>>> print(open('work_34.txt').read())   # compact mmCIF, C-alpha atoms
# COMPACT_ATOMS: atom_id res chain seq x y z
CA MET A 116 -84.69 43.72 -77.29
CA GLU A 117 -81.99 43.43 -74.64
CA ILE A 118 -84.43 41.68 -72.32
CA LYS A 119 -85.17 39.13 -75.04
CA VAL A 120 -81.45 38.32 -75.39
CA LEU A 121 -81.16 37.89 -71.62
CA LYS A 122 -84.17 35.54 -71.58
CA ASP A 123 -82.63 33.42 -74.29
CA ILE A 124 -79.36 33.11 -72.42
CA LEU A 125 -81.10 32.19 -69.20
CA SER A 126 -83.39 29.61 -70.74
CA ALA A 127 -80.42 28.07 -72.59
CA ASN A 128 -78.62 27.94 -69.24
CA ASP A 129 -81.60 26.32 -67.53
CA LYS A 130 -81.82 23.73 -70.29
CA ARG A 131 -78.14 22.89 -69.93
CA ALA A 132 -78.53 22.76 -66.14
CA GLU A 133 -81.29 20.16 -66.55
CA GLU A 134 -79.01 18.10 -68.79
CA ASN A 135 -76.26 18.30 -66.15
CA ARG A 136 -78.72 17.16 -63.50
CA ALA A 137 -79.82 14.20 -65.62
CA LEU A 138 -76.21 13.16 -66.24
CA LEU A 139 -75.37 13.41 -62.54
CA ASN A 140 -78.52 11.45 -61.61
CA SER A 141 -77.65 8.71 -64.09
CA HIS A 142 -74.35 8.27 -62.22
CA ASN A 143 -75.98 8.50 -58.80
CA ILE A 144 -74.00 11.60 -57.95
CA LEU A 145 -75.19 14.24 -55.50
CA ALA A 146 -73.84 17.65 -56.49
CA VAL A 147 -73.56 20.60 -54.11
CA ASN A 148 -73.08 24.20 -55.28
CA ILE A 149 -71.02 26.15 -52.72
CA THR A 150 -71.20 29.93 -52.92
CA ALA A 151 -69.75 32.75 -50.80
CA SER A 152 -68.09 36.12 -50.90
CA PRO A 153 -64.30 36.10 -51.47
CA GLY A 154 -62.40 34.66 -48.53
CA ALA A 155 -65.38 33.34 -46.53
CA GLY A 156 -63.83 29.89 -46.45
CA LYS A 157 -65.37 27.81 -49.27
CA THR A 158 -62.08 26.06 -50.02
CA SER A 159 -61.34 25.45 -46.32
CA LEU A 160 -64.76 23.86 -45.91
CA ILE A 161 -64.23 21.67 -48.98
CA LEU A 162 -60.77 20.56 -47.78
CA GLU A 163 -62.05 19.80 -44.26
CA THR A 164 -64.99 17.86 -45.72
CA ILE A 165 -62.74 15.81 -48.01
CA ARG A 166 -60.41 14.91 -45.12
CA ARG A 167 -63.30 13.65 -43.01
CA VAL A 168 -65.27 11.64 -45.55
CA LYS A 169 -62.90 10.54 -48.29
CA ASN A 170 -62.54 7.09 -46.75
CA GLU A 171 -66.32 6.66 -46.66
CA ILE A 172 -67.45 8.11 -49.98
CA LYS A 173 -65.95 9.02 -53.34
CA ILE A 174 -65.66 12.76 -53.85
CA GLY A 175 -65.03 14.90 -56.92
CA VAL A 176 -64.50 18.66 -56.96
CA ILE A 177 -65.02 21.45 -59.48
CA GLU A 178 -63.19 24.67 -58.56
CA GLY A 179 -64.43 27.95 -60.02
CA ASP A 180 -62.30 31.10 -60.00
CA VAL A 181 -61.91 34.16 -62.17
CA SER A 182 -58.19 33.45 -62.28
CA SER A 183 -55.52 31.14 -60.76
CA SER A 184 -55.58 27.45 -59.83
CA ILE A 185 -54.52 27.84 -56.21
CA ASP A 186 -57.62 26.07 -54.86
CA ALA A 187 -57.57 23.15 -57.32
CA LYS A 188 -53.95 22.51 -56.37
CA ALA A 189 -54.86 22.34 -52.68
CA VAL A 190 -57.77 20.00 -53.40
CA GLY A 191 -55.67 17.80 -55.69
CA GLU A 192 -53.18 17.29 -52.86
CA GLU A 193 -55.95 15.55 -50.93
CA GLY A 194 -55.98 12.89 -53.63
CA VAL A 195 -59.44 13.52 -55.07
CA PRO A 196 -60.24 14.24 -58.74
CA VAL A 197 -60.59 17.98 -59.35
CA VAL A 198 -61.17 20.27 -62.33
CA GLN A 199 -60.38 23.99 -62.22
CA ILE A 200 -62.60 26.36 -64.21
CA ASN A 201 -61.05 29.77 -64.81
CA THR A 202 -63.88 32.07 -65.89
CA GLY A 203 -61.45 34.70 -67.19
CA GLY A 204 -63.42 37.63 -65.79
CA THR A 205 -66.92 36.18 -65.68
CA CYS A 206 -68.40 36.63 -62.22
CA HIS A 207 -70.21 33.29 -61.81
CA LEU A 208 -70.18 29.68 -62.95
CA ASP A 209 -72.86 28.67 -65.45
CA ALA A 210 -74.33 25.35 -66.54
CA ASN A 211 -72.21 25.19 -69.67
CA MET A 212 -68.98 25.48 -67.67
CA ILE A 213 -70.18 22.68 -65.39
CA SER A 214 -71.06 20.55 -68.41
CA ASN A 215 -67.51 20.93 -69.75
CA ALA A 216 -65.94 20.30 -66.35
CA VAL A 217 -68.01 17.19 -65.66
CA CYS A 218 -66.73 15.62 -68.90
CA ASN A 219 -63.25 15.80 -67.39
CA LEU A 220 -64.14 13.95 -64.19
CA PRO A 221 -64.31 10.15 -63.66
CA LEU A 222 -68.07 10.15 -62.96
CA GLN A 223 -68.24 6.41 -62.33
CA ASP A 224 -65.90 6.96 -59.37
CA ILE A 225 -67.80 9.82 -57.73
CA ASN A 226 -70.72 9.85 -55.27
CA LEU A 227 -70.47 13.44 -54.11
CA LEU A 228 -69.52 16.36 -56.35
CA LEU A 229 -68.58 19.59 -54.58
CA VAL A 230 -68.72 22.65 -56.84
CA GLU A 231 -66.96 25.77 -55.56
CA ASN A 232 -68.54 28.73 -57.29
CA VAL A 233 -66.75 32.06 -57.96
CA GLY A 234 -66.42 34.24 -54.85
CA ASN A 235 -69.39 36.56 -55.32
CA LEU A 236 -72.59 37.09 -53.28
CA ILE A 237 -74.64 38.45 -56.18
CA CYS A 238 -74.25 37.04 -59.68
CA PRO A 239 -74.19 33.26 -59.06
CA ALA A 240 -77.83 33.55 -57.89
CA GLY A 241 -78.95 33.96 -61.50
CA PHE A 242 -77.35 30.84 -62.99
CA ALA A 243 -78.56 27.32 -62.24
CA LEU A 244 -75.82 24.70 -62.57
CA GLY A 245 -77.80 21.47 -62.33
CA THR A 246 -76.57 20.79 -58.80
CA HIS A 247 -78.90 19.30 -56.15
CA ARG A 248 -78.18 21.52 -53.14
CA ASP A 249 -77.12 25.15 -52.63
CA VAL A 250 -74.82 25.91 -49.71
CA LEU A 251 -73.86 29.50 -48.91
CA VAL A 252 -70.78 30.06 -46.75
CA SER A 253 -70.93 33.30 -44.77
CA SER A 254 -68.28 34.18 -42.18
CA VAL A 255 -68.25 36.02 -38.88
CA PRO A 256 -65.82 38.80 -39.96
CA GLU A 257 -68.21 39.82 -42.78
CA GLY A 258 -70.77 41.01 -40.24
CA ASP A 259 -74.30 39.99 -39.27
CA ASP A 260 -76.09 42.20 -41.81
CA LYS A 261 -75.11 40.35 -45.00
CA PRO A 262 -78.49 38.61 -45.56
CA TYR A 263 -80.16 42.03 -45.87
CA LYS A 264 -77.62 43.19 -48.43
CA TYR A 265 -77.48 40.04 -50.58
CA PRO A 266 -81.02 38.66 -50.29
CA ALA A 267 -81.16 36.70 -53.56
CA MET A 268 -78.27 34.41 -52.67
CA PHE A 269 -79.49 33.86 -49.10
CA SER A 270 -83.07 33.23 -50.23
CA GLN A 271 -82.20 30.36 -52.55
CA SER A 272 -79.74 28.48 -50.32
CA ASP A 273 -80.66 25.20 -48.66
CA VAL A 274 -77.92 25.67 -46.10
CA VAL A 275 -76.08 28.67 -44.68
CA VAL A 276 -72.72 27.80 -43.11
CA LEU A 277 -71.56 30.51 -40.72
CA ASN A 278 -67.80 29.98 -40.80
CA LYS A 279 -64.90 31.37 -38.70
CA MET A 280 -66.82 31.03 -35.44
CA ASP A 281 -63.43 30.99 -33.68
CA LEU A 282 -63.17 34.74 -34.39
CA LEU A 283 -66.44 35.55 -32.56
CA PRO A 284 -64.70 36.77 -29.36
CA HIS A 285 -62.73 39.32 -31.39
CA LEU A 286 -65.62 40.84 -33.37
CA ASP A 287 -68.90 42.65 -32.87
CA PHE A 288 -71.10 40.00 -34.45
CA ASP A 289 -74.64 39.47 -33.19
CA ARG A 290 -75.50 35.79 -33.73
CA GLN A 291 -79.19 36.29 -33.00
CA ALA A 292 -79.37 39.18 -35.47
CA PHE A 293 -77.75 37.01 -38.15
CA PHE A 294 -80.14 34.11 -37.49
CA LYS A 295 -83.11 36.48 -37.61
CA ALA A 296 -81.90 38.01 -40.88
CA VAL A 297 -81.39 34.62 -42.55
CA LYS A 298 -84.74 33.24 -41.36
CA GLY A 299 -86.54 36.44 -42.38
CA ILE A 300 -85.38 35.91 -45.95
CA ASN A 301 -85.37 32.12 -46.08
CA GLU A 302 -87.32 30.27 -43.42
CA ARG A 303 -86.32 26.80 -44.65
CA ALA A 304 -82.55 27.44 -44.61
CA LYS A 305 -80.57 25.23 -42.26
CA ILE A 306 -77.78 27.11 -40.47
CA PHE A 307 -74.53 25.52 -39.31
CA GLU A 308 -72.22 27.51 -37.05
CA LEU A 309 -68.77 26.23 -37.78
CA SER A 310 -65.04 26.82 -37.67
CA CYS A 311 -62.72 25.08 -40.09
CA LYS A 312 -59.87 26.06 -37.78
CA THR A 313 -61.13 24.58 -34.49
CA ALA A 314 -63.48 21.98 -36.07
CA GLN A 315 -66.43 23.41 -34.12
CA GLY A 316 -69.66 22.32 -35.83
CA ILE A 317 -67.93 20.30 -38.56
CA GLN A 318 -69.50 17.03 -37.47
CA GLU A 319 -73.06 18.44 -37.77
CA TRP A 320 -72.27 19.68 -41.27
CA ILE A 321 -70.80 16.32 -42.31
CA SER A 322 -73.82 14.46 -40.91
CA TRP A 323 -76.18 16.65 -42.90
CA LEU A 324 -74.09 16.23 -46.05
CA LEU A 325 -73.93 12.43 -45.77
CA ALA A 326 -77.68 12.27 -45.12
CA GLN A 327 -78.29 14.07 -48.44
CA LEU A 328 -76.63 11.23 -50.33
CA SER A 329 -79.55 8.95 -49.52
CA THR A 330 -82.24 11.57 -50.19
CA PRO A 331 -81.46 13.26 -53.50
CA MET B 48 -74.08 40.59 -82.15
CA GLU B 49 -73.95 40.23 -78.39
CA ILE B 50 -70.45 41.70 -78.33
CA LYS B 51 -71.69 44.73 -80.18
CA VAL B 52 -74.41 45.34 -77.59
CA LEU B 53 -71.85 45.06 -74.82
CA LYS B 54 -69.57 47.55 -76.54
CA ASP B 55 -72.42 50.02 -76.89
CA ILE B 56 -73.30 49.75 -73.22
CA LEU B 57 -69.71 50.22 -72.15
CA SER B 58 -69.05 53.19 -74.37
CA ALA B 59 -72.31 54.81 -73.20
CA ASN B 60 -71.13 54.21 -69.63
CA ASP B 61 -67.71 55.73 -70.33
CA LYS B 62 -69.34 58.79 -71.88
CA ARG B 63 -71.56 59.26 -68.86
CA ALA B 64 -68.55 58.74 -66.56
CA GLU B 65 -66.75 61.58 -68.35
CA GLU B 66 -69.78 63.82 -67.84
CA ASN B 67 -69.79 62.94 -64.14
CA ARG B 68 -66.09 63.78 -63.92
CA ALA B 69 -66.63 67.15 -65.62
CA LEU B 70 -69.48 68.01 -63.24
CA LEU B 71 -67.42 67.04 -60.20
CA ASN B 72 -64.43 69.04 -61.48
CA SER B 73 -66.60 72.11 -62.04
CA HIS B 74 -67.50 71.96 -58.33
CA ASN B 75 -63.92 71.25 -57.26
CA ILE B 76 -64.92 67.88 -55.81
CA LEU B 77 -62.53 64.97 -55.49
CA ALA B 78 -64.45 61.69 -55.80
CA VAL B 79 -63.16 58.34 -54.53
CA ASN B 80 -64.60 54.98 -55.61
CA ILE B 81 -64.33 52.47 -52.76
CA THR B 82 -64.64 48.80 -53.71
CA ALA B 83 -64.35 45.54 -51.74
CA SER B 84 -65.82 42.12 -51.21
CA PRO B 85 -68.84 41.96 -48.88
CA GLY B 86 -67.93 42.73 -45.28
CA ALA B 87 -64.34 43.87 -45.84
CA GLY B 88 -65.08 47.13 -44.05
CA LYS B 89 -65.89 49.79 -46.68
CA THR B 90 -68.55 51.39 -44.49
CA SER B 91 -66.37 51.27 -41.37
CA LEU B 92 -63.57 53.01 -43.29
CA ILE B 93 -65.98 55.67 -44.55
CA LEU B 94 -67.42 56.28 -41.06
CA GLU B 95 -63.95 56.48 -39.49
CA THR B 96 -62.82 58.88 -42.23
CA ILE B 97 -65.85 61.12 -41.77
CA ARG B 98 -65.32 61.34 -38.00
CA ARG B 99 -61.71 62.40 -38.46
CA VAL B 100 -62.01 64.99 -41.22
CA LYS B 101 -65.54 66.36 -41.15
CA ASN B 102 -64.41 69.46 -39.25
CA GLU B 103 -61.70 70.14 -41.83
CA ILE B 104 -63.42 69.38 -45.12
CA LYS B 105 -66.95 68.99 -46.45
CA ILE B 106 -67.82 65.40 -47.26
CA GLY B 107 -70.63 63.80 -49.24
CA VAL B 108 -71.31 60.07 -49.57
CA ILE B 109 -72.98 57.80 -52.13
CA GLU B 110 -73.82 54.34 -50.77
CA GLY B 111 -74.29 51.49 -53.24
CA ASP B 112 -75.98 48.23 -52.26
CA VAL B 113 -78.04 45.58 -53.99
CA SER B 114 -80.63 46.03 -51.25
CA SER B 115 -81.22 47.83 -47.90
CA SER B 116 -80.23 51.29 -46.65
CA ILE B 117 -78.36 50.16 -43.53
CA ASP B 118 -75.13 51.90 -44.54
CA ALA B 119 -76.71 55.19 -45.63
CA LYS B 120 -78.48 55.38 -42.26
CA ALA B 121 -75.16 54.95 -40.42
CA VAL B 122 -73.48 57.59 -42.57
CA GLY B 123 -76.43 60.00 -42.20
CA GLU B 124 -76.06 59.81 -38.42
CA GLU B 125 -72.62 61.39 -38.81
CA GLY B 126 -74.33 64.50 -40.17
CA VAL B 127 -73.04 64.38 -43.74
CA PRO B 128 -75.18 64.39 -46.91
CA VAL B 129 -75.68 60.86 -48.23
CA VAL B 130 -77.60 59.18 -51.06
CA GLN B 131 -78.34 55.45 -51.09
CA ILE B 132 -78.43 53.65 -54.44
CA ASN B 133 -80.20 50.29 -54.36
CA THR B 134 -79.20 48.46 -57.52
CA GLY B 135 -82.00 45.91 -57.11
CA GLY B 136 -79.88 42.94 -58.13
CA THR B 137 -77.26 44.61 -60.30
CA CYS B 138 -73.80 43.66 -59.13
CA HIS B 139 -71.99 47.00 -59.56
CA LEU B 140 -72.55 50.75 -59.66
CA ASP B 141 -72.43 52.39 -63.09
CA ALA B 142 -71.94 55.95 -64.28
CA ASN B 143 -75.65 56.50 -64.82
CA MET B 144 -76.47 55.62 -61.22
CA ILE B 145 -73.79 58.06 -60.04
CA SER B 146 -75.18 60.76 -62.32
CA ASN B 147 -78.63 60.35 -60.72
CA ALA B 148 -77.22 60.24 -57.20
CA VAL B 149 -75.05 63.33 -57.67
CA CYS B 150 -78.15 65.35 -58.64
CA ASN B 151 -79.47 64.64 -55.15
CA LEU B 152 -76.40 65.94 -53.32
CA PRO B 153 -75.59 69.58 -52.40
CA LEU B 154 -72.50 69.75 -54.63
CA GLN B 155 -71.63 73.32 -53.66
CA ASP B 156 -71.16 72.09 -50.09
CA ILE B 157 -68.91 69.13 -50.87
CA ASN B 158 -65.11 68.89 -51.33
CA LEU B 159 -64.73 65.13 -51.02
CA LEU B 160 -67.23 62.60 -52.37
CA LEU B 161 -66.84 59.05 -51.08
CA VAL B 162 -68.61 56.45 -53.24
CA GLU B 163 -69.16 53.03 -51.68
CA ASN B 164 -69.55 50.54 -54.51
CA VAL B 165 -71.51 47.28 -54.27
CA GLY B 166 -69.67 44.54 -52.33
CA ASN B 167 -68.13 42.58 -55.19
CA LEU B 168 -64.50 41.95 -56.23
CA ILE B 169 -65.27 41.28 -59.90
CA CYS B 170 -67.97 43.26 -61.72
CA PRO B 171 -67.26 46.85 -60.56
CA ALA B 172 -63.92 46.64 -62.45
CA GLY B 173 -65.78 46.97 -65.75
CA PHE B 174 -67.72 50.17 -65.04
CA ALA B 175 -66.07 53.59 -64.77
CA LEU B 176 -68.00 56.00 -62.57
CA GLY B 177 -66.22 59.29 -63.24
CA THR B 178 -64.46 59.24 -59.87
CA HIS B 179 -60.83 60.40 -59.50
CA ARG B 180 -59.34 57.63 -57.36
CA ASP B 181 -59.99 53.90 -56.90
CA VAL B 182 -59.52 52.46 -53.43
CA LEU B 183 -59.89 48.71 -52.85
CA VAL B 184 -60.50 47.55 -49.29
CA SER B 185 -59.22 44.03 -48.64
CA SER B 186 -59.27 42.49 -45.16
CA VAL B 187 -57.05 40.09 -43.25
CA PRO B 188 -59.72 37.37 -42.74
CA GLU B 189 -60.18 37.07 -46.52
CA GLY B 190 -56.66 35.65 -46.87
CA ASP B 191 -53.47 36.74 -48.58
CA ASP B 192 -54.23 35.15 -51.98
CA LYS B 193 -57.05 37.47 -53.06
CA PRO B 194 -54.98 39.54 -55.56
CA TYR B 195 -54.32 36.37 -57.59
CA LYS B 196 -58.02 35.48 -57.69
CA TYR B 197 -59.41 38.94 -58.48
CA PRO B 198 -56.65 40.52 -60.56
CA ALA B 199 -58.76 43.04 -62.51
CA MET B 200 -59.93 44.91 -59.42
CA PHE B 201 -56.48 44.90 -57.80
CA SER B 202 -54.78 46.00 -61.02
CA GLN B 203 -56.81 49.17 -61.44
CA SER B 204 -56.77 50.43 -57.85
CA ASP B 205 -54.68 53.42 -56.81
CA VAL B 206 -54.78 52.30 -53.19
CA VAL B 207 -55.24 48.95 -51.46
CA VAL B 208 -56.36 49.26 -47.84
CA LEU B 209 -55.66 46.09 -45.87
CA ASN B 210 -58.27 46.34 -43.13
CA LYS B 211 -58.87 44.37 -39.89
CA MET B 212 -55.17 44.27 -39.02
CA ASP B 213 -56.24 43.74 -35.39
CA LEU B 214 -57.21 40.16 -36.37
CA LEU B 215 -53.71 39.31 -37.61
CA PRO B 216 -52.70 37.40 -34.44
CA HIS B 217 -55.72 35.10 -34.85
CA LEU B 218 -55.26 34.20 -38.53
CA ASP B 219 -52.77 32.58 -40.88
CA PHE B 220 -52.20 35.64 -43.04
CA ASP B 221 -48.80 36.20 -44.65
CA ARG B 222 -48.31 39.98 -44.98
CA GLN B 223 -45.28 39.64 -47.22
CA ALA B 224 -47.15 37.24 -49.54
CA PHE B 225 -50.03 39.73 -49.77
CA PHE B 226 -47.69 42.65 -50.53
CA LYS B 227 -45.91 40.57 -53.16
CA ALA B 228 -49.22 39.56 -54.77
CA VAL B 229 -50.49 43.15 -54.92
CA LYS B 230 -47.24 44.54 -56.27
CA GLY B 231 -46.97 41.74 -58.83
CA ILE B 232 -50.31 42.79 -60.30
CA ASN B 233 -50.11 46.53 -59.69
CA GLU B 234 -46.71 48.02 -58.98
CA ARG B 235 -48.02 51.55 -58.47
CA ALA B 236 -50.64 50.63 -55.84
CA LYS B 237 -50.14 52.25 -52.45
CA ILE B 238 -50.92 49.86 -49.57
CA PHE B 239 -52.20 50.97 -46.17
CA GLU B 240 -52.33 48.43 -43.36
CA LEU B 241 -55.12 49.56 -41.14
CA SER B 242 -57.68 48.66 -38.48
CA CYS B 243 -60.89 50.63 -38.13
CA LYS B 244 -61.27 49.03 -34.70
CA THR B 245 -57.91 49.98 -33.14
CA ALA B 246 -57.24 52.99 -35.43
CA GLN B 247 -53.91 51.48 -36.50
CA GLY B 248 -52.83 53.10 -39.77
CA ILE B 249 -55.83 55.43 -40.00
CA GLN B 250 -53.71 58.58 -39.81
CA GLU B 251 -51.56 57.52 -42.81
CA TRP B 252 -54.73 56.86 -44.82
CA ILE B 253 -56.24 60.22 -43.86
CA SER B 254 -53.00 62.05 -44.75
CA TRP B 255 -52.99 60.43 -48.19
CA LEU B 256 -56.65 61.26 -48.73
CA LEU B 257 -56.26 64.91 -47.75
CA ALA B 258 -53.20 65.24 -49.98
CA GLN B 259 -55.31 64.12 -52.95
CA LEU B 260 -57.61 67.10 -52.52
CA SER B 261 -54.83 69.41 -53.66
CA THR B 262 -53.66 67.16 -56.52
CA PRO B 263 -56.73 66.05 -58.49
>>> encode(input="work_34.txt", output="structure tokens")
Amino acid sequence: MEIKVLKDILSANDKRAEENRALLNSHNILAVNITASPGAGKTSLILETIRRVKNEIKIGVIEGDVSSSIDAKAVGEEGVPVVQINTGGTCHLDANMISNAVCNLPLQDINLLLVENVGNLICPAGFALGTHRDVLVSSVPEGDDKPYKYPAMFSQSDVVVLNKMDLLPHLDFDRQAFFKAVKGINERAKIFELSCKTAQGIQEWISWLLAQLSTP
Amino acid sequence: MEIKVLKDILSANDKRAEENRALLNSHNILAVNITASPGAGKTSLILETIRRVKNEIKIGVIEGDVSSSIDAKAVGEEGVPVVQINTGGTCHLDANMISNAVCNLPLQDINLLLVENVGNLICPAGFALGTHRDVLVSSVPEGDDKPYKYPAMFSQSDVVVLNKMDLLPHLDFDRQAFFKAVKGINERAKIFELSCKTAQGIQEWISWLLAQLSTP
């Protein structure tokens, strides 16, 4: 009985996700779902990306948080259209939330939609949004064993960004162990080692992102 | 209809949590629920605590993870009884899982039970376990705005441990802003600034923890 209810919710979500995808495609928008644990640097990555490409392409942002609009404010100051979703306790974004948010964005003026999911390495894995790429931001201070502990999220990401590389000298983080763990769970995942603070690796990330715009 | 199901689950969980509490009380065990986002340092805090008090008091540990038994292995090497719960995708521990785990621990030989919850700053807030104290581990690299984004977890914690203080010189973290954010949400929360790496603040944390044993 309970399982049946869950199935219904999920298939309704998948249906809505497909509708979102169709709407985005009709506007030629590439949408990227960015997930991470709290404080890994999703917002920093989005801000750094906006600063580097906003003169080349038109960006829109959806910010997801349980509470507050701190991140949307920071994004708005960069001069790009942004919608904040406050989930009010819910631990993930879902396709319905995206559908509502998208209606509040000027879609004709957007080529790239960055969606910042709720900070959570577990629950977002179960809810398709209709986005075209999944990017997981992990960070050096979290430790090199995270792929083993949160396999669902790592297994379904197209890209893993390893952020805060500038802190590597101050931490016991085994890069090879992290690479091995990611690849063991998800062979196809591309990994970018990056620091939003020093700009290490940012250019490689931007190049990948821009290349996706021509290969949806 | 759905709300009713949710209510039933929650009240069943609360009932089981009360049973857990009664069982722990009958054995004179103080149980501490330790929550955090992934990689904030829950396991490091538990290991450091064990090393410092295992000659004084008898400790048992329950390790909660979506997947893997990495943490239970590390704790077991310290020579204390430990049970690993793998939730298999579920984003929080619940009272039923604790009930099963407790049956596999030598309760007569334990004074202090440390429960490491799943790494998640949202979902564990909704599920009582039957423990006596809630300790939230936050860490400097996560940033000083986390209380605003995850208010439920911060509001119901007795203690907030701010870990990885050794990284403070390398990050833009405003201690006063963090204190203000915590106190704004939860005036009664005790805050310990601590580093498991340099041992800064560990003694204050241990003193608090030992004092709880005599005031359940």
>>> interface_residues(input="work_34.txt", of="chain A", to="chain B", cutoff="7 Å", atoms="all atoms listed in the file", output="ChimeraX atom specification")
/A:152-155,180-183,206,235,237-238,256-258,263-265
>>> atom_distance(input="work_34.txt", atom1="atom CA of B:Ser58", atom2="atom CA of B:Ser73")
22.7 Å
>>> residues_near_point(input="work_34.txt", point="(-57.4, 47.5, -44.2)", cutoff="6 Å", atoms="only C-alpha atoms", output="MDAnalysis selection string")
chainID B and resid 184:186 208:211 240:242
>>> closest_residue(input="work_34.txt", among="A:Ala146, A:Val275, A:Asp209, A:Leu244", to="A:Gln327", atoms="only C-alpha atoms")
A:Ala146
>>> residues_around(input="work_34.txt", residues="A:Leu227", least_positions_apart="6", cutoff="6 Å", atoms="all atoms listed in the file", output="list in words")
Ile144, Leu145, Ala146 and Ile174 of chain A
>>> write_last_selection(input="work_34.txt", atoms="C-alpha atoms", output="mmCIF file, in the frame of the given file")
data_model
loop_
_atom_site.group_PDB
_atom_site.id
_atom_site.type_symbol
_atom_site.label_atom_id
_atom_site.label_comp_id
_atom_site.auth_asym_id
_atom_site.auth_seq_id
_atom_site.Cartn_x
_atom_site.Cartn_y
_atom_site.Cartn_z
ATOM 1 C CA ILE A 144 -74.000 11.600 -57.950
ATOM 2 C CA LEU A 145 -75.190 14.240 -55.500
ATOM 3 C CA ALA A 146 -73.840 17.650 -56.490
ATOM 4 C CA ILE A 174 -65.660 12.760 -53.850
#
>>> residues_around(input="work_34.txt", residues="A:Lys130", least_positions_apart="5", cutoff="10 Å", atoms="all atoms listed in the file", output="VMD selection string")
chain A and resid 124 to 125 135 to 136 210 to 211 243 to 245
